[in-house]
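*Asks:* input_38.txt is the file, holding compact mmCIF, C-alpha atoms:
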# COMPACT_ATOMS: atom_id res chain seq x y z
CA MET A 22 74.20 22.53 -29.39
CA ASN A 23 73.42 22.23 -25.72
CA LYS A 24 76.64 23.53 -24.23
CA GLY A 25 78.63 26.45 -25.59
CA MET A 26 82.05 26.38 -27.15
CA SER A 27 85.39 27.70 -25.92
CA GLU A 28 86.22 31.31 -25.07
CA ILE A 29 87.80 32.16 -28.41
CA VAL A 30 84.72 31.13 -30.38
CA LYS A 31 82.43 33.06 -28.04
CA THR A 32 84.44 36.29 -28.36
CA ILE A 33 84.77 36.16 -32.14
CA SER A 34 81.09 35.40 -32.71
CA LYS A 35 80.12 38.22 -30.36
CA ILE A 36 82.13 40.68 -32.46
CA VAL A 37 81.22 39.43 -35.94
CA SER A 38 77.49 38.85 -35.67
CA PRO A 39 76.24 42.51 -35.65
CA PHE A 40 78.00 43.09 -38.97
CA ILE A 41 76.25 40.11 -40.50
CA ILE A 42 72.87 41.46 -39.38
CA ILE A 43 73.61 44.89 -40.89
CA PHE A 44 74.73 43.29 -44.17
CA GLY A 45 71.49 41.32 -44.26
CA ILE A 46 69.41 44.47 -43.68
CA SER A 47 71.30 46.25 -46.47
CA VAL A 48 70.60 43.39 -48.90
CA ILE A 49 66.89 43.64 -48.04
CA PHE A 50 66.54 47.41 -48.25
CA TYR A 51 68.40 47.84 -51.55
CA GLY A 52 66.70 44.84 -53.09
CA HIS A 53 65.36 46.78 -56.06
CA LEU A 54 68.74 48.23 -57.06
CA THR A 55 71.38 45.57 -56.43
CA PRO A 56 71.18 41.78 -56.64
CA GLY A 57 69.40 40.32 -53.64
CA GLY A 58 65.96 41.06 -52.35
CA GLY A 59 63.77 39.59 -49.65
CA PHE A 60 64.79 35.94 -49.78
CA PRO A 61 68.61 36.11 -49.52
CA GLY A 62 68.40 38.89 -46.94
CA GLY A 63 66.09 36.90 -44.70
CA VAL A 64 68.28 33.82 -44.84
CA ILE A 65 71.39 35.91 -43.99
CA ILE A 66 69.68 37.39 -40.92
CA SER A 67 68.71 33.94 -39.67
CA ALA A 68 72.27 32.70 -40.29
CA SER A 69 73.64 35.33 -37.89
CA PHE A 70 71.36 34.09 -35.11
CA VAL A 71 72.40 30.51 -35.82
CA ILE A 72 76.06 31.51 -35.31
CA LEU A 73 75.16 32.87 -31.87
CA LEU A 74 73.19 29.71 -31.11
CA LEU A 75 76.12 27.45 -31.96
CA ALA A 76 78.61 29.46 -29.90
CA TYR A 77 76.65 30.11 -26.73
CA GLY A 78 74.32 27.16 -26.24
CA LYS A 79 70.62 27.34 -26.46
CA GLU A 80 69.63 28.33 -22.93
CA LYS A 81 71.27 31.71 -23.28
CA ILE A 82 69.71 32.41 -26.65
CA LEU A 83 66.25 31.33 -25.49
CA SER A 84 66.46 33.80 -22.63
CA LYS A 85 67.04 36.67 -25.07
CA LEU A 86 64.77 35.71 -27.97
CA SER A 87 62.22 33.24 -26.72
CA LEU A 88 60.08 31.01 -28.90
CA TYR A 89 57.04 33.16 -28.18
CA LYS A 90 58.64 36.36 -29.51
CA SER A 91 59.90 34.81 -32.74
CA ASP A 92 56.48 33.28 -33.28
CA ILE A 93 54.91 36.76 -33.04
CA LEU A 94 57.46 38.19 -35.49
CA HIS A 95 56.73 35.34 -37.91
CA ASP A 96 53.02 36.20 -37.90
CA ILE A 97 53.68 39.94 -38.29
CA GLY A 98 55.75 39.28 -41.42
CA ALA A 99 53.04 37.18 -43.06
CA LEU A 100 50.25 39.66 -42.22
CA MET A 101 52.30 42.60 -43.51
CA PHE A 102 52.76 40.93 -46.89
CA LEU A 103 49.07 40.16 -47.13
CA SER A 104 48.08 43.73 -46.25
CA VAL A 105 50.40 45.12 -48.96
CA ALA A 106 48.63 42.84 -51.44
CA LEU A 107 45.16 43.80 -50.22
CA ALA A 108 45.99 47.51 -50.41
CA GLY A 109 45.80 47.17 -54.18
CA PHE A 110 42.03 47.14 -53.92
CA ILE A 111 42.16 50.93 -53.54
CA GLY A 112 43.31 51.15 -57.15
CA GLY A 113 40.95 48.57 -58.53
CA THR A 114 42.40 45.07 -58.64
CA PHE A 115 44.16 42.70 -56.26
CA PHE A 116 47.92 43.27 -55.95
CA LEU A 117 47.97 46.51 -57.93
CA ASN A 118 50.99 48.72 -57.45
CA ILE A 119 49.48 51.97 -56.22
CA PHE A 120 52.36 53.75 -54.52
CA ASP A 121 54.27 56.55 -56.13
CA LYS A 122 57.10 55.32 -58.33
CA GLY A 123 59.96 57.73 -57.91
CA LYS A 124 63.04 58.19 -60.04
CA LEU A 125 65.15 55.41 -61.46
CA PHE A 126 68.24 54.45 -59.41
CA SER A 127 67.13 56.15 -56.20
CA LEU A 128 66.13 54.55 -52.92
CA TRP A 129 62.40 55.28 -53.23
CA SER A 130 61.51 53.66 -56.53
CA GLY A 131 59.37 50.81 -57.65
CA GLY A 132 56.21 51.42 -55.66
CA ASN A 133 55.45 48.72 -53.14
CA LEU A 134 58.63 46.73 -53.69
CA ILE A 135 60.27 48.02 -50.51
CA PHE A 136 57.44 46.98 -48.20
CA SER A 137 57.15 43.57 -49.80
CA ASN A 138 60.89 43.01 -49.43
CA ILE A 139 60.81 43.90 -45.72
CA ALA A 140 57.81 41.65 -45.08
CA ILE A 141 59.32 38.66 -46.88
CA GLY A 142 62.69 39.15 -45.19
CA LEU A 143 61.12 39.18 -41.73
CA LYS A 144 59.04 36.10 -42.46
CA VAL A 145 61.72 33.92 -44.01
CA GLY A 146 64.33 34.86 -41.40
CA THR A 147 62.27 33.98 -38.38
CA SER A 148 60.92 30.83 -40.04
CA LEU A 149 64.33 29.30 -40.54
CA PHE A 150 65.55 30.32 -37.11
CA LEU A 151 62.50 28.64 -35.53
CA GLY A 152 63.07 25.47 -37.54
CA ILE A 153 66.72 25.13 -36.48
CA ILE A 154 66.21 25.91 -32.81
CA LEU A 155 63.34 23.42 -32.55
CA LEU A 156 65.58 20.69 -33.95
CA SER A 157 68.13 21.33 -31.21
CA MET A 158 65.81 21.04 -28.24
CA VAL A 159 66.03 17.27 -28.20
CA ARG A 160 68.07 15.26 -25.74
CA ILE A 161 68.85 11.57 -25.68
CA VAL A 162 68.69 9.54 -22.51
CA TYR A 163 71.47 7.02 -22.98
CA LYS A 164 70.24 4.38 -20.59
CA GLU A 165 67.24 3.12 -22.45
CA ASN A 166 67.72 4.84 -25.85
CA LYS A 167 64.82 7.21 -25.34
CA ILE A 168 64.52 10.82 -26.44
CA GLU A 169 63.17 13.58 -24.22
CA PHE A 170 62.46 17.20 -24.88
CA TYR A 171 63.38 19.97 -22.50
CA GLU A 172 63.70 23.72 -22.35
CA LYS A 173 65.05 24.82 -19.00
CA LYS A 174 67.92 23.60 -16.88
CA GLU A 175 65.60 22.36 -14.13
CA ASP A 176 64.26 19.63 -16.39
CA ILE A 177 67.60 17.81 -16.43
CA LYS A 178 67.80 15.49 -13.45
CA MET B 2 73.72 18.60 -75.63
CA ILE B 3 76.58 17.50 -73.37
CA ILE B 4 75.49 19.90 -70.64
CA TYR B 5 71.91 18.61 -70.59
CA LEU B 6 73.24 15.05 -70.48
CA ALA B 7 75.47 15.79 -67.49
CA ILE B 8 72.60 17.42 -65.59
CA SER B 9 70.38 14.41 -66.22
CA ILE B 10 73.14 12.08 -64.97
CA MET B 11 73.22 14.06 -61.72
CA PHE B 12 69.42 13.74 -61.51
CA PHE B 13 69.65 9.97 -61.87
CA ILE B 14 72.31 9.74 -59.17
CA GLY B 15 69.86 11.46 -56.84
CA ILE B 16 67.09 9.03 -57.81
CA TYR B 17 69.39 6.09 -57.11
CA GLY B 18 70.12 7.48 -53.67
CA MET B 19 66.39 7.77 -53.00
CA MET B 20 65.40 4.35 -54.33
CA ALA B 21 68.09 1.83 -53.51
CA LYS B 22 69.72 2.94 -50.28
CA LYS B 23 68.43 1.77 -46.94
CA ASN B 24 69.57 4.50 -44.62
CA ILE B 25 67.11 7.32 -44.03
CA ILE B 26 69.80 10.01 -44.05
CA LYS B 27 71.05 8.79 -47.42
CA MET B 28 67.52 9.14 -48.76
CA ILE B 29 67.40 12.75 -47.57
CA ILE B 30 70.73 13.42 -49.29
CA GLY B 31 69.24 11.98 -52.49
CA VAL B 32 66.28 14.36 -52.28
CA ASN B 33 68.73 17.25 -51.89
CA ILE B 34 70.71 16.25 -54.98
CA ILE B 35 67.52 16.02 -57.05
CA GLY B 36 66.71 19.58 -55.98
CA TYR B 37 70.14 20.80 -57.10
CA ALA B 38 69.82 19.16 -60.52
CA VAL B 39 66.36 20.62 -61.22
CA ASN B 40 67.36 24.17 -60.24
CA LEU B 41 70.48 23.99 -62.41
CA PHE B 42 68.46 22.73 -65.36
CA PHE B 43 66.13 25.72 -65.24
CA ILE B 44 68.92 28.27 -65.23
CA VAL B 45 70.82 26.53 -68.03
CA LEU B 46 67.65 26.73 -70.14
CA GLY B 47 67.70 30.51 -69.87
CA TYR B 48 71.30 31.23 -70.83
CA LYS B 49 72.30 33.44 -73.74
CA ASN B 50 75.72 33.34 -75.36
CA ASN B 51 77.87 36.26 -74.11
CA GLY B 52 74.98 37.62 -72.10
CA ILE B 53 75.00 40.02 -69.16
CA GLN B 54 73.02 39.77 -65.96
CA PRO B 55 69.45 41.16 -65.98
CA ILE B 56 70.19 44.08 -63.60
CA LEU B 57 70.37 47.61 -64.97
CA VAL B 58 73.50 49.61 -64.07
CA PRO B 59 73.68 53.38 -64.73
CA GLY B 60 76.00 53.19 -67.73
CA VAL B 61 74.04 50.99 -70.11
CA SER B 62 71.24 52.21 -72.36
CA ILE B 63 67.96 50.39 -72.34
CA GLU B 64 68.06 49.13 -75.96
CA GLU B 65 71.48 47.57 -75.44
CA PHE B 66 70.27 46.08 -72.16
CA VAL B 67 67.29 44.39 -73.82
CA GLU B 68 69.46 42.98 -76.61
CA LYS B 69 72.12 41.40 -74.45
CA ALA B 70 70.51 40.36 -71.16
CA VAL B 71 69.95 36.77 -70.06
CA ASN B 72 66.35 35.53 -69.72
CA PRO B 73 65.09 36.71 -66.31
CA ILE B 74 62.02 34.48 -65.91
CA PRO B 75 63.72 31.16 -64.91
CA GLN B 76 65.68 33.03 -62.27
CA ALA B 77 62.47 34.23 -60.66
CA LEU B 78 61.15 30.64 -60.55
CA VAL B 79 64.33 29.18 -59.06
CA LEU B 80 64.64 31.86 -56.37
CA THR B 81 61.58 30.63 -54.51
CA SER B 82 62.31 26.98 -55.22
CA ILE B 83 65.63 27.05 -53.35
CA VAL B 84 64.07 28.32 -50.11
CA ILE B 85 61.20 25.82 -50.34
CA ASP B 86 63.73 22.96 -50.61
CA LEU B 87 65.34 24.11 -47.39
CA SER B 88 62.03 23.94 -45.50
CA THR B 89 61.39 20.44 -46.91
CA ILE B 90 64.74 19.20 -45.57
CA CYS B 91 63.97 20.70 -42.15
CA PHE B 92 60.70 18.80 -42.04
CA LEU B 93 62.29 15.52 -43.17
CA ALA B 94 64.99 15.80 -40.50
CA ALA B 95 62.31 16.24 -37.79
CA LEU B 96 60.52 13.15 -39.14
CA SER B 97 63.71 11.07 -39.03
CA ILE B 98 64.31 12.11 -35.40
CA ARG B 99 60.87 10.75 -34.51
CA ILE B 100 61.61 7.49 -36.32
CA TYR B 101 64.85 7.09 -34.40
CA GLU B 102 63.02 7.62 -31.12
CA LYS B 103 60.55 4.84 -31.80
CA TYR B 104 62.81 2.18 -33.33
CA GLY B 105 66.32 3.02 -32.19
CA THR B 106 67.99 2.85 -35.59
CA PHE B 107 68.14 4.57 -38.96
CA ASP B 108 68.26 1.33 -40.96
CA LEU B 109 65.14 0.37 -42.87
CA GLU B 110 65.88 -3.40 -42.75
CA LYS B 111 65.75 -3.50 -38.96
CA ILE B 112 62.70 -1.26 -38.83
CA ARG B 113 60.80 -3.53 -41.14
CA ARG B 114 61.46 -6.55 -38.93
CA LEU B 115 60.66 -4.93 -35.59
CA LYS B 116 57.07 -3.83 -36.26
CA GLY B 117 56.87 -2.07 -32.95
CA MET C 5 80.43 36.19 -68.18
CA ALA C 6 82.15 34.70 -71.20
CA VAL C 7 84.23 31.66 -70.36
CA ASN C 8 85.39 28.67 -72.34
CA PHE C 9 83.07 25.79 -72.96
CA GLY C 10 85.61 23.51 -71.29
CA PHE C 11 85.14 25.33 -67.99
CA HIS C 12 81.44 24.48 -67.99
CA VAL C 13 82.21 20.80 -68.56
CA PHE C 14 84.92 20.84 -65.88
CA LEU C 15 82.56 22.21 -63.21
CA LEU C 16 79.85 19.69 -64.17
CA VAL C 17 82.26 16.75 -63.94
CA MET C 18 83.37 17.91 -60.47
CA MET C 19 79.73 18.12 -59.36
CA ILE C 20 79.02 14.59 -60.60
CA ILE C 21 82.07 13.19 -58.78
CA GLY C 22 81.02 15.01 -55.59
CA SER C 23 77.50 13.62 -55.68
CA LEU C 24 78.83 10.10 -56.32
CA VAL C 25 80.99 10.38 -53.20
CA ALA C 26 77.98 11.68 -51.22
CA ILE C 27 75.81 8.68 -52.07
CA PHE C 28 78.34 5.82 -51.98
CA SER C 29 80.37 6.67 -48.89
CA ARG C 30 80.34 4.57 -45.73
CA LYS C 31 80.45 7.17 -42.97
CA LEU C 32 77.67 9.72 -42.83
CA ILE C 33 79.94 12.65 -41.92
CA SER C 34 82.00 12.40 -45.12
CA SER C 35 78.90 12.28 -47.28
CA LEU C 36 77.66 15.48 -45.62
CA VAL C 37 80.98 17.20 -46.34
CA SER C 38 80.89 16.29 -50.03
CA LEU C 39 77.27 17.48 -50.21
CA GLY C 40 78.56 20.85 -49.02
CA THR C 41 81.18 20.81 -51.78
CA VAL C 42 78.55 20.20 -54.45
CA GLY C 43 76.51 23.13 -53.15
CA MET C 44 79.44 25.55 -53.22
CA LEU C 45 80.42 24.52 -56.78
CA LEU C 46 76.80 25.07 -57.78
CA SER C 47 76.94 28.61 -56.40
CA ILE C 48 80.04 29.39 -58.51
CA TYR C 49 78.32 27.95 -61.58
CA PHE C 50 75.25 30.14 -61.03
CA LEU C 51 77.50 33.21 -61.01
CA ILE C 52 79.09 32.21 -64.31
CA LEU C 53 75.66 31.67 -65.89
CA GLY C 54 74.66 35.28 -65.10
CA ALA C 55 72.41 34.98 -62.03
CA PRO C 56 74.02 36.80 -59.07
CA ASP C 57 71.13 36.86 -56.60
CA ILE C 58 70.59 33.13 -57.00
CA ALA C 59 74.28 32.60 -56.25
CA ILE C 60 73.92 34.47 -52.94
CA THR C 61 70.80 32.49 -52.01
CA GLN C 62 72.29 29.10 -52.88
CA LEU C 63 75.44 29.79 -50.84
CA VAL C 64 73.63 30.69 -47.62
CA VAL C 65 70.94 28.00 -47.98
CA GLU C 66 73.62 25.34 -48.47
CA ILE C 67 75.28 26.23 -45.17
CA LEU C 68 71.98 26.08 -43.26
CA ALA C 69 71.09 22.70 -44.81
CA LEU C 70 74.41 21.29 -43.57
CA ILE C 71 73.67 22.51 -40.04
CA ILE C 72 70.18 20.95 -40.10
CA LEU C 73 71.41 17.57 -41.30
CA LEU C 74 74.30 17.61 -38.85
CA SER C 75 72.01 18.24 -35.91
CA ALA C 76 69.93 15.21 -36.88
CA ILE C 77 72.99 12.95 -36.81
CA THR C 78 75.01 13.86 -33.70
CA GLY C 79 74.43 11.53 -30.78
CA ARG C 80 72.75 8.94 -32.96
CA ASP C 81 74.55 6.37 -35.11
CA VAL C 82 77.02 7.89 -37.51
CA THR C 83 78.00 5.00 -39.78
CA ALA C 84 75.83 3.73 -42.58
CA ASP C 85 75.84 0.11 -43.64
CA MET C 86 76.46 -0.66 -47.27
CA THR C 87 73.23 -2.57 -47.77
CA THR C 88 71.38 -1.73 -50.93
CA SER C 89 68.22 -3.36 -52.11
CA LYS C 90 69.03 -5.63 -55.07
CA VAL C 91 65.54 -5.50 -56.59
CA TYR C 92 65.42 -1.73 -56.72
CA ALA C 93 68.99 -1.51 -58.04
CA PHE C 94 68.14 -3.65 -61.08
CA LEU C 95 64.95 -1.68 -61.65
CA PHE C 96 66.95 1.50 -61.51
CA ILE C 97 69.48 0.27 -64.10
CA PHE C 98 66.66 -0.63 -66.47
CA ILE C 99 64.98 2.78 -66.12
CA PHE C 100 68.33 4.54 -66.52
CA ILE C 101 69.26 2.83 -69.79
CA VAL C 102 65.83 3.40 -71.34
CA SER C 103 65.81 7.07 -70.32
CA ILE C 104 69.30 7.80 -71.61
CA ILE C 105 68.60 6.24 -75.00
CA THR C 106 65.33 8.20 -75.31
CA PHE C 107 67.10 11.37 -74.28
CA ILE C 108 69.88 11.06 -76.84
CA THR C 109 67.57 10.33 -79.77
CA TYR C 110 65.00 13.04 -79.05
CA SER C 111 67.03 15.83 -77.52
CA ASN C 112 67.17 17.92 -80.68
CA PHE C 113 63.38 18.22 -80.77
CA ILE C 114 62.75 18.97 -77.11
CA PHE C 115 65.42 21.34 -75.83
CA PRO C 116 66.71 24.49 -77.50
CA GLU C 117 70.39 24.65 -78.23
CA PHE C 118 72.58 25.75 -75.35
CA GLY C 119 72.84 29.52 -75.71
CA ASN C 120 69.75 30.49 -77.68
CA THR C 121 66.69 31.00 -75.56
CA ASN C 122 63.22 31.94 -76.62
CA MET C 123 62.56 35.26 -74.94
CA ARG C 124 59.13 36.32 -76.06
CA VAL C 125 57.74 37.17 -72.61
CA GLY C 126 61.15 37.98 -71.17
CA LYS C 127 61.70 40.85 -73.59
CA GLU C 128 58.43 42.47 -72.48
CA TYR C 129 59.45 42.28 -68.82
CA LEU C 130 62.90 43.69 -69.62
CA TYR C 131 61.22 46.68 -71.28
CA LEU C 132 58.50 47.24 -68.69
CA ALA C 133 60.50 47.11 -65.48
CA PRO C 134 62.83 50.15 -65.96
CA LEU C 135 60.29 52.25 -67.90
CA LYS C 136 56.97 51.83 -66.10
CA LEU C 137 57.91 50.45 -62.71
CA LYS C 138 61.28 52.27 -62.46
CA ALA C 139 63.03 49.38 -60.73
CA ALA C 140 66.56 48.45 -61.73
CA ASN C 141 66.47 44.83 -60.57
CA VAL C 142 64.25 43.00 -63.04
CA VAL C 143 64.26 39.67 -61.14
CA THR C 144 62.90 41.29 -57.95
CA ALA C 145 60.26 43.11 -59.98
CA ILE C 146 59.13 39.81 -61.54
CA VAL C 147 59.01 37.95 -58.23
CA LEU C 148 57.16 40.63 -56.27
CA ASP C 149 55.10 42.52 -58.82
CA PHE C 150 54.55 40.80 -62.15
CA ARG C 151 54.22 37.28 -60.70
CA GLY C 152 53.16 38.07 -57.16
CA TYR C 153 50.73 35.16 -56.71
CA ASP C 154 53.60 32.69 -56.70
CA THR C 155 55.20 34.53 -53.80
CA ILE C 156 52.00 34.30 -51.76
CA GLY C 157 51.91 30.54 -52.43
CA GLU C 158 55.56 30.18 -51.49
CA ALA C 159 55.06 32.05 -48.21
CA THR C 160 52.19 29.67 -47.42
CA VAL C 161 54.34 26.59 -48.11
CA ILE C 162 57.15 27.75 -45.79
CA PHE C 163 54.62 28.64 -43.10
CA THR C 164 53.04 25.18 -43.28
CA ALA C 165 56.38 23.37 -43.15
CA ILE C 166 57.47 25.20 -40.00
CA ILE C 167 54.12 24.53 -38.32
CA GLY C 168 54.60 20.86 -39.23
CA VAL C 169 57.98 20.86 -37.48
CA MET C 170 56.41 22.47 -34.41
CA VAL C 171 53.70 19.82 -34.27
CA LEU C 172 56.15 16.92 -34.67
CA LEU C 173 58.57 18.03 -31.95
CA ARG C 174 56.06 18.88 -29.28
CA LYS C 175 56.57 18.23 -25.59
CA LYS C 176 54.40 15.51 -24.16
CA GLY C 177 51.65 16.92 -21.97
CA LYS C 178 50.57 15.56 -18.65
CA LYS C 179 47.54 13.74 -19.96
CA ASP C 180 49.55 11.79 -22.53
CA GLU C 181 51.39 9.73 -19.88
I need this file expressed as structure tokens, please.
*Replies:*
Amino acid sequence: MNKGMSEIVKTISKIVSPFIIIFGISVIFYGHLTPGGGFPGGVIISASFVILLLAYGKEKILSKLSLYKSDILHDIGALMFLSVALAGFIGGTFFLNIFDKGKLFSLWSGGNLIFSNIAIGLKVGTSLFLGIILLSMVRIVYKENKIEFYEKKEDIK
Amino acid sequence: MIIYLAISIMFFIGIYGMMAKKNIIKMIIGVNIIGYAVNLFFIVLGYKNNGIQPILVPGVSIEEFVEKAVNPIPQALVLTSIVIDLSTICFLAALSIRIYEKYGTFDLEKIRRLKG
Amino acid sequence: MAVNFGFHVFLLVMMIIGSLVAIFSRKLISSLVSLGTVGMLLSIYFLILGAPDIAITQLVVEILALIILLSAITGRDVTADMTTSKVYAFLFIFIFIVSIITFITYSNFIFPEFGNTNMRVGKEYLYLAPLKLKAANVVTAIVLDFRGYDTIGEATVIFTAIIGVMVLLRKKGKKDE
């Protein structure tokens, strides 16, 4: 995963990957009407970033979405889910569903299901992307069978 | 009864891969197969003959939906279990990379003799 | 969906053959490929059993697990020796025979028959979700509203696993050398 792949793979993954992200967002947002929800949508969004990582090499992806930014997004997802749960204290108990439940089969229905789906999707997506990109930042020095870790091109001598 | 027997055979294949193989990657594959067998067992427990999926579509009345739908509770349990298994495999792969750095091999026989 | 009983048995036999190839193969790459096959067959079987959102999740999670295991193998040794531990193999055969005999004699008392489930709590959730909560997807309503504590616990477990990976693969600082 250190170097990129050939030109054909780079072009095709550049064209296809925005559609995968939009499909993942649609699975998250309509999670209370169609099969899906927070968990499959989050994994689909992280899969689209993994396709870009495999095609372009990891230096280019780390320059666009660094480890620091995805760490911040990870924390925002977890805190958003906790605040939706703590907002139930306004009604009386922990995790009470206090928002207005609209009509059946429309987009705004089900109370706090939409916010929970968005929070879980953000959290799971960035978690799995972090796990995979950390596993690929390892390089083997072939002379003495050691392993080193590096991030920028200047570390390779 | 045949279906439960086949799922338990798959479970025991996973346990054999975890117990008796000496390569660390084969052990991780065994853990994965155990996860598959347990998730499948839960969903088979909640199946109804000629049942429909537990998602309401705008053409079905609610009484008919309650009579014919498959049990929705095991599906809610399995949905989180699948994503947790993925994080476990990520952690085990990171652990095996560290073991390879220190000993130079994935084989448990050679690691036990080196004691480095 | 309503399919023959033979189709269920056919898919299960293919999954058992796939997992046997994954454990007993010599090269590590071919065992990873057959692990991918078992995962995809499992996704088809979930769709036949009436669980569509689990089929979507299993399909995408399977692909990511293959990528993770493949990135732990490349550059390091790719063949696996055929050594198995003789002591543990005999212990396993003993446990296997005892368990299968116990399973066959007692299975009528423990498990319900395939096709009749006991839906005492499930019927309540199937009534409550479209009428009170006005959500059409009952599985999402159970995961996020009726049983929301389990989702908080699951978010904590994923969080801890990723922090564990970050701690394990840390760069060595200057004072460690």
*Asks:* List as a VMD selection string the protein and nucleic acid residues near stretch 35-41 of chain A, meaning an atom at most 8 Å away when only C-alpha atoms are counted, but skip any in the same chain fewer than 4 places from it.
*Replies:* chain A and resid 31 45 65 to 66 69 to 70 72 to 73
*Asks:* What does the file look like for those residues with C-alpha atoms, as a PDB file, in the frame of the given file?
*Replies:*
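Final output, saved to selection.pdb:
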ATOM      1  CA  LYS A  31      82.430  33.060 -28.040  1.00  0.00           C
ATOM      2  CA  GLY A  45      71.490  41.320 -44.260  1.00  0.00           C
ATOM      3  CA  ILE A  65      71.390  35.910 -43.990  1.00  0.00           C
ATOM      4  CA  ILE A  66      69.680  37.390 -40.920  1.00  0.00           C
ATOM      5  CA  SER A  69      73.640  35.330 -37.890  1.00  0.00           C
ATOM      6  CA  PHE A  70      71.360  34.090 -35.110  1.00  0.00           C
ATOM      7  CA  ILE A  72      76.060  31.510 -35.310  1.00  0.00           C
ATOM      8  CA  LEU A  73      75.160  32.870 -31.870  1.00  0.00           C
TER       9      LEU A  73
END
*Asks:* Between C:Ala59, C:Val65, C:Leu24, C:Leu172, which residue has the minimum interatomic distance to B:Ser88, considering all atoms listed in the file?
*Replies:* C:Val65
*Asks:* Can you check which residues of chain A have any atom within 9 Å of chain C? Use all atoms listed in the file and format it as a CSV table (one decimal) with C-alpha atoms, in the coordinates of the input.
*Replies:*
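As a result, part-v7.csv now contains:
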chain,number,residue,atom,x,y,z
A,22,MET,CA,74.2,22.5,-29.4
A,52,GLY,CA,66.7,44.8,-53.1
A,53,HIS,CA,65.4,46.8,-56.1
A,54,LEU,CA,68.7,48.2,-57.1
A,55,THR,CA,71.4,45.6,-56.4
A,56,PRO,CA,71.2,41.8,-56.6
A,57,GLY,CA,69.4,40.3,-53.6
A,58,GLY,CA,66.0,41.1,-52.4
A,59,GLY,CA,63.8,39.6,-49.6
A,60,PHE,CA,64.8,35.9,-49.8
A,61,PRO,CA,68.6,36.1,-49.5
A,62,GLY,CA,68.4,38.9,-46.9
A,64,VAL,CA,68.3,33.8,-44.8
A,65,ILE,CA,71.4,35.9,-44.0
A,68,ALA,CA,72.3,32.7,-40.3
A,71,VAL,CA,72.4,30.5,-35.8
A,95,HIS,CA,56.7,35.3,-37.9
A,99,ALA,CA,53.0,37.2,-43.1
A,102,PHE,CA,52.8,40.9,-46.9
A,103,LEU,CA,49.1,40.2,-47.1
A,106,ALA,CA,48.6,42.8,-51.4
A,116,PHE,CA,47.9,43.3,-56.0
A,117,LEU,CA,48.0,46.5,-57.9
A,118,ASN,CA,51.0,48.7,-57.4
A,122,LYS,CA,57.1,55.3,-58.3
A,123,GLY,CA,60.0,57.7,-57.9
A,124,LYS,CA,63.0,58.2,-60.0
A,125,LEU,CA,65.2,55.4,-61.5
A,126,PHE,CA,68.2,54.4,-59.4
A,130,SER,CA,61.5,53.7,-56.5
A,131,GLY,CA,59.4,50.8,-57.6
A,132,GLY,CA,56.2,51.4,-55.7
A,133,ASN,CA,55.4,48.7,-53.1
A,134,LEU,CA,58.6,46.7,-53.7
A,137,SER,CA,57.2,43.6,-49.8
A,138,ASN,CA,60.9,43.0,-49.4
A,141,ILE,CA,59.3,38.7,-46.9
A,144,LYS,CA,59.0,36.1,-42.5
A,145,VAL,CA,61.7,33.9,-44.0
A,148,SER,CA,60.9,30.8,-40.0
A,149,LEU,CA,64.3,29.3,-40.5
A,151,LEU,CA,62.5,28.6,-35.5
A,152,GLY,CA,63.1,25.5,-37.5
A,153,ILE,CA,66.7,25.1,-36.5
A,155,LEU,CA,63.3,23.4,-32.6
A,156,LEU,CA,65.6,20.7,-34.0
A,157,SER,CA,68.1,21.3,-31.2
A,158,MET,CA,65.8,21.0,-28.2
A,159,VAL,CA,66.0,17.3,-28.2
A,160,ARG,CA,68.1,15.3,-25.7
A,161,ILE,CA,68.8,11.6,-25.7
A,169,GLU,CA,63.2,13.6,-24.2
A,170,PHE,CA,62.5,17.2,-24.9
A,171,TYR,CA,63.4,20.0,-22.5
*Asks:* Tell me, in Å to one decimal, how far atom CA of C:Ser89 is from atom CA of B:Ala21.
*Replies:* 5.4 Å
*Asks:* Give as an mmCIF file with C-alpha atoms, in the coordinates of the input the set of residues within 10 Å of the point (66.3, 49.2, -72.6), where distances use the file's coordinates and only C-alpha atoms.
*Replies:*
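The resulting file, out.cif, is shown below:
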data_model
loop_
_atom_site.group_PDB
_atom_site.id
_atom_site.type_symbol
_atom_site.label_atom_id
_atom_site.label_comp_id
_atom_site.auth_asym_id
_atom_site.auth_seq_id
_atom_site.Cartn_x
_atom_site.Cartn_y
_atom_site.Cartn_z
ATOM 1 C CA LEU B 57 70.370 47.610 -64.970
ATOM 2 C CA VAL B 61 74.040 50.990 -70.110
ATOM 3 C CA SER B 62 71.240 52.210 -72.360
ATOM 4 C CA ILE B 63 67.960 50.390 -72.340
ATOM 5 C CA GLU B 64 68.060 49.130 -75.960
ATOM 6 C CA GLU B 65 71.480 47.570 -75.440
ATOM 7 C CA PHE B 66 70.270 46.080 -72.160
ATOM 8 C CA VAL B 67 67.290 44.390 -73.820
ATOM 9 C CA GLU B 68 69.460 42.980 -76.610
ATOM 10 C CA LYS B 69 72.120 41.400 -74.450
ATOM 11 C CA ALA B 70 70.510 40.360 -71.160
ATOM 12 C CA LYS C 127 61.700 40.850 -73.590
ATOM 13 C CA LEU C 130 62.900 43.690 -69.620
ATOM 14 C CA TYR C 131 61.220 46.680 -71.280
ATOM 15 C CA LEU C 132 58.500 47.240 -68.690
ATOM 16 C CA ALA C 133 60.500 47.110 -65.480
ATOM 17 C CA PRO C 134 62.830 50.150 -65.960
ATOM 18 C CA LEU C 135 60.290 52.250 -67.900
#
*Asks:* What does the structure give for the distance between atom CA of A:Ser27 and atom CA of A:Lys90, in Å to one decimal?
*Replies:*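 Result for atom CA of A:Ser27 versus atom CA of A:Lys90: 28.3 Å, one decimal.
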